[in-house]
>>> print(open('structure_39.pdb').read())   # PDB, C-alpha atoms, pLDDT in the B column
ATOM      1  CA  MET A1044     -16.910 -15.891   3.960  1.00 51.00           C
ATOM      2  CA  SER A1045     -15.794 -15.162   7.471  1.00 63.00           C
ATOM      3  CA  GLY A1046     -15.476 -12.393   9.978  1.00 75.00           C
ATOM      4  CA  LYS A1047     -17.629  -9.500  11.004  1.00 89.00           C
ATOM      5  CA  THR A1048     -19.653  -7.382   8.661  1.00 95.00           C
ATOM      6  CA  VAL A1049     -17.734  -4.373   7.407  1.00 97.00           C
ATOM      7  CA  PRO A1050     -19.936  -1.285   7.013  1.00 97.00           C
ATOM      8  CA  GLN A1051     -20.355   0.673   3.818  1.00 97.00           C
ATOM      9  CA  GLY A1052     -17.886   3.568   3.657  1.00 96.00           C
ATOM     10  CA  ALA A1053     -15.195   1.818   5.712  1.00 97.00           C
ATOM     11  CA  TRP A1054     -11.568   2.371   4.615  1.00 97.00           C
ATOM     12  CA  VAL A1055     -10.367  -1.019   3.338  1.00 97.00           C
ATOM     13  CA  GLN A1056      -7.711  -2.741   1.268  1.00 98.00           C
ATOM     14  CA  ILE A1057      -8.558  -5.011  -1.658  1.00 98.00           C
ATOM     15  CA  ARG A1058      -6.480  -7.471  -3.669  1.00 98.00           C
ATOM     16  CA  GLN A1059      -7.057  -8.265  -7.332  1.00 97.00           C
ATOM     17  CA  GLN A1060      -5.109 -10.701  -9.488  1.00 97.00           C
ATOM     18  CA  ILE A1061      -4.236  -8.962 -12.756  1.00 97.00           C
ATOM     19  CA  LEU A1062      -2.282 -11.775 -14.469  1.00 97.00           C
ATOM     20  CA  SER A1063      -1.818 -15.454 -13.648  1.00 97.00           C
ATOM     21  CA  PRO A1064       1.729 -16.868 -13.813  1.00 97.00           C
ATOM     22  CA  GLN A1065       0.909 -18.316 -17.264  1.00 96.00           C
ATOM     23  CA  GLU A1066      -0.090 -14.866 -18.546  1.00 97.00           C
ATOM     24  CA  ARG A1067       3.117 -13.102 -17.434  1.00 96.00           C
ATOM     25  CA  ALA A1068       5.387 -11.630 -20.113  1.00 95.00           C
ATOM     26  CA  PRO A1069       8.173 -13.966 -21.300  1.00 94.00           C
ATOM     27  CA  GLN A1070      10.918 -11.431 -20.505  1.00 96.00           C
ATOM     28  CA  VAL A1071      10.248 -11.221 -16.746  1.00 96.00           C
ATOM     29  CA  PRO A1072      12.775 -13.001 -14.472  1.00 96.00           C
ATOM     30  CA  ALA A1073      12.046 -16.684 -13.802  1.00 95.00           C
ATOM     31  CA  ASP A1074      11.217 -16.193 -10.110  1.00 96.00           C
ATOM     32  CA  THR A1075       8.792 -13.365 -11.018  1.00 96.00           C
ATOM     33  CA  ALA A1076       7.147 -15.459 -13.746  1.00 95.00           C
ATOM     34  CA  GLN A1077       6.180 -18.089 -11.155  1.00 96.00           C
ATOM     35  CA  VAL A1078       3.813 -15.794  -9.225  1.00 97.00           C
ATOM     36  CA  PRO A1079       0.691 -13.893 -10.289  1.00 97.00           C
ATOM     37  CA  LEU A1080       0.725 -10.134 -10.846  1.00 97.00           C
ATOM     38  CA  VAL A1081      -1.407  -8.711  -8.042  1.00 98.00           C
ATOM     39  CA  MET A1082      -2.832  -5.239  -7.474  1.00 97.00           C
ATOM     40  CA  VAL A1083      -3.389  -4.057  -3.904  1.00 97.00           C
ATOM     41  CA  THR A1084      -5.548  -0.957  -3.532  1.00 97.00           C
ATOM     42  CA  LYS A1085      -7.145   1.020  -0.716  1.00 96.00           C
ATOM     43  CA  GLY A1086     -10.508   2.733  -0.853  1.00 96.00           C
ATOM     44  CA  PHE A1087     -13.915   3.233   0.697  1.00 97.00           C
ATOM     45  CA  LEU A1088     -16.214   0.212   0.685  1.00 98.00           C
ATOM     46  CA  VAL A1089     -19.198   0.789  -1.607  1.00 98.00           C
ATOM     47  CA  GLN A1090     -21.470  -1.826   0.022  1.00 98.00           C
ATOM     48  CA  GLU A1091     -21.545  -3.569   3.381  1.00 98.00           C
ATOM     49  CA  SER A1092     -19.476  -6.762   3.045  1.00 97.00           C
ATOM     50  CA  ARG A1093     -17.388  -9.351   4.864  1.00 97.00           C
ATOM     51  CA  GLN A1094     -13.643  -9.943   4.712  1.00 95.00           C
ATOM     52  CA  GLY A1095     -12.774 -12.363   1.906  1.00 95.00           C
ATOM     53  CA  GLU A1096     -15.703 -11.325  -0.288  1.00 97.00           C
ATOM     54  CA  ASN A1097     -15.344  -9.790  -3.738  1.00 97.00           C
ATOM     55  CA  VAL A1098     -16.193  -6.111  -3.178  1.00 98.00           C
ATOM     56  CA  GLN A1099     -16.146  -2.730  -4.867  1.00 98.00           C
ATOM     57  CA  VAL A1100     -14.267   0.266  -3.446  1.00 98.00           C
ATOM     58  CA  LYS A1101     -14.086   3.919  -4.370  1.00 97.00           C
ATOM     59  CA  THR A1102     -10.504   5.199  -4.246  1.00 96.00           C
ATOM     60  CA  LEU A1103      -9.439   8.669  -3.144  1.00 94.00           C
ATOM     61  CA  ALA A1104      -9.045   9.456  -6.861  1.00 94.00           C
ATOM     62  CA  GLY A1105     -12.707   8.528  -7.403  1.00 96.00           C
ATOM     63  CA  ARG A1106     -12.045   5.264  -9.292  1.00 97.00           C
ATOM     64  CA  LEU A1107     -14.335   2.274  -8.705  1.00 98.00           C
ATOM     65  CA  LEU A1108     -12.364  -0.975  -8.422  1.00 98.00           C
ATOM     66  CA  ARG A1109     -13.213  -4.572  -7.534  1.00 98.00           C
ATOM     67  CA  GLY A1110     -11.236  -7.132  -5.588  1.00 98.00           C
ATOM     68  CA  GLU A1111     -11.108  -9.400  -2.561  1.00 98.00           C
ATOM     69  CA  LEU A1112     -11.550  -7.548   0.721  1.00 98.00           C
ATOM     70  CA  VAL A1113      -8.352  -8.378   2.611  1.00 97.00           C
ATOM     71  CA  GLN A1114      -8.063  -5.758   5.355  1.00 96.00           C
ATOM     72  CA  VAL A1115     -10.136  -3.187   7.204  1.00 96.00           C
ATOM     73  CA  LEU A1116      -8.425   0.060   8.240  1.00 96.00           C
ATOM     74  CA  PRO A1117      -5.081  -0.944   6.683  1.00 95.00           C
ATOM     75  CA  ARG A1118      -2.042   0.647   8.268  1.00 89.00           C
ATOM     76  CA  PHE A1119       1.156   1.964   6.768  1.00 83.00           C
ATOM     77  CA  SER A1120       3.911  -0.454   7.741  1.00 82.00           C
ATOM     78  CA  HIS A1121       6.905   1.183   6.071  1.00 81.00           C
ATOM     79  CA  ASP A1122       9.451   3.422   7.749  1.00 83.00           C
ATOM     80  CA  PHE A1123      12.840   4.957   7.086  1.00 83.00           C
ATOM     81  CA  GLY A1124      14.893   2.530   9.194  1.00 86.00           C
ATOM     82  CA  GLN A1125      17.193   3.259  12.111  1.00 88.00           C
ATOM     83  CA  ALA A1126      18.393   6.787  12.813  1.00 84.00           C
ATOM     84  CA  VAL A1127      21.893   7.516  11.454  1.00 85.00           C
ATOM     85  CA  PRO A1128      23.893   9.491  14.071  1.00 85.00           C
ATOM     86  CA  GLU A1129      26.060  11.163  11.432  1.00 85.00           C
ATOM     87  CA  LEU A1130      22.988  12.538   9.688  1.00 84.00           C
ATOM     88  CA  LEU A1131      21.464  13.823  12.928  1.00 84.00           C
ATOM     89  CA  ALA A1132      24.388  16.235  13.361  1.00 85.00           C
ATOM     90  CA  ILE A1133      24.137  17.689   9.852  1.00 89.00           C
ATOM     91  CA  GLY A1134      21.030  19.838  10.445  1.00 83.00           C
ATOM     92  CA  PRO A1135      22.483  21.899  13.316  1.00 86.00           C
ATOM     93  CA  GLN A1136      25.812  22.230  11.475  1.00 88.00           C
ATOM     94  CA  VAL A1137      24.134  23.569   8.320  1.00 88.00           C
ATOM     95  CA  ARG A1138      21.990  26.003  10.319  1.00 87.00           C
ATOM     96  CA  ALA A1139      25.124  27.304  12.056  1.00 88.00           C
ATOM     97  CA  LEU A1140      26.870  27.750   8.699  1.00 90.00           C
ATOM     98  CA  LEU A1141      23.871  29.595   7.241  1.00 91.00           C
ATOM     99  CA  LYS A1142      23.835  31.976  10.214  1.00 86.00           C
ATOM    100  CA  GLY A1143      27.531  32.753   9.680  1.00 80.00           C
ATOM    101  CA  GLY A1144      28.778  30.449  12.420  1.00 60.00           C
ATOM    102  CA  GLU A1145      31.461  27.791  11.977  1.00 55.00           C
ATOM    103  CA  GLN A1146      33.477  27.951   8.785  1.00 52.00           C
TER
END
>>> encode(input="structure_39.pdb", output="structure tokens")
Amino acid sequence: MSGKTVPQGAWVQIRQQILSPQERAPQVPADTAQVPLVMVTKGFLVQESRQGENVQVKTLAGRLLRGELVQVLPRFSHDFGQAVPELLAIGPQVRALLKGGEQ
């Protein structure tokens, strides 16, 4: 195992393989069948550990799950893309219409 010690209670992300490629259902697409089914979950570390170790976390829902510790303080990396100028104008136009402005 590598890296610094991660303290108990830290917010972390774990990874657990649910099914190997051989265990996947026969009806899944061929490219999907070639990779394992993996669960990625975030939670609070139950015991002090190191990245790469098999750990237990407690999720916000109170579930206890096990998996490989892959990230400490994981961030949200999704967004809603570039702003759409046409959509930016809609809000003021609707507010004006609701106030009895432009028809």
>>> resolve_selection(input="structure_39.pdb", expression="the PyMOL selection byres ((chain A and resi 1109-1126) around 12)", output="PyMOL selection string")
chain A and resi 1044-1061+1081-1102+1106-1108+1127-1132
>>> residues_around(input="structure_39.pdb", residues="Ala1068 of chain A", least_positions_apart="5", cutoff="12 Å", atoms="all atoms listed in the file", output="PyMOL selection string")
chain A and resi 1062-1063+1073+1075-1080
>>> write_last_selection(input="structure_39.pdb", atoms="C-alpha atoms", output="mmCIF file, keeping the file's coordinate frame")
data_model
loop_
_atom_site.group_PDB
_atom_site.id
_atom_site.type_symbol
_atom_site.label_atom_id
_atom_site.label_comp_id
_atom_site.auth_asym_id
_atom_site.auth_seq_id
_atom_site.Cartn_x
_atom_site.Cartn_y
_atom_site.Cartn_z
ATOM 1 C CA LEU A 1062 -2.282 -11.775 -14.469
ATOM 2 C CA SER A 1063 -1.818 -15.454 -13.648
ATOM 3 C CA ALA A 1073 12.046 -16.684 -13.802
ATOM 4 C CA THR A 1075 8.792 -13.365 -11.018
ATOM 5 C CA ALA A 1076 7.147 -15.459 -13.746
ATOM 6 C CA GLN A 1077 6.180 -18.089 -11.155
ATOM 7 C CA VAL A 1078 3.813 -15.794 -9.225
ATOM 8 C CA PRO A 1079 0.691 -13.893 -10.289
ATOM 9 C CA LEU A 1080 0.725 -10.134 -10.846
#
>>> axis_aligned_box(input="structure_39.pdb", around="segment 1112-1115 of chain A", padding_each_side="3 Å", output="AutoDock Vina command-line options")
--center_x -9.8 --center_y -5.8 --center_z 4.0 --size_x 9.5 --size_y 11.2 --size_z 12.5
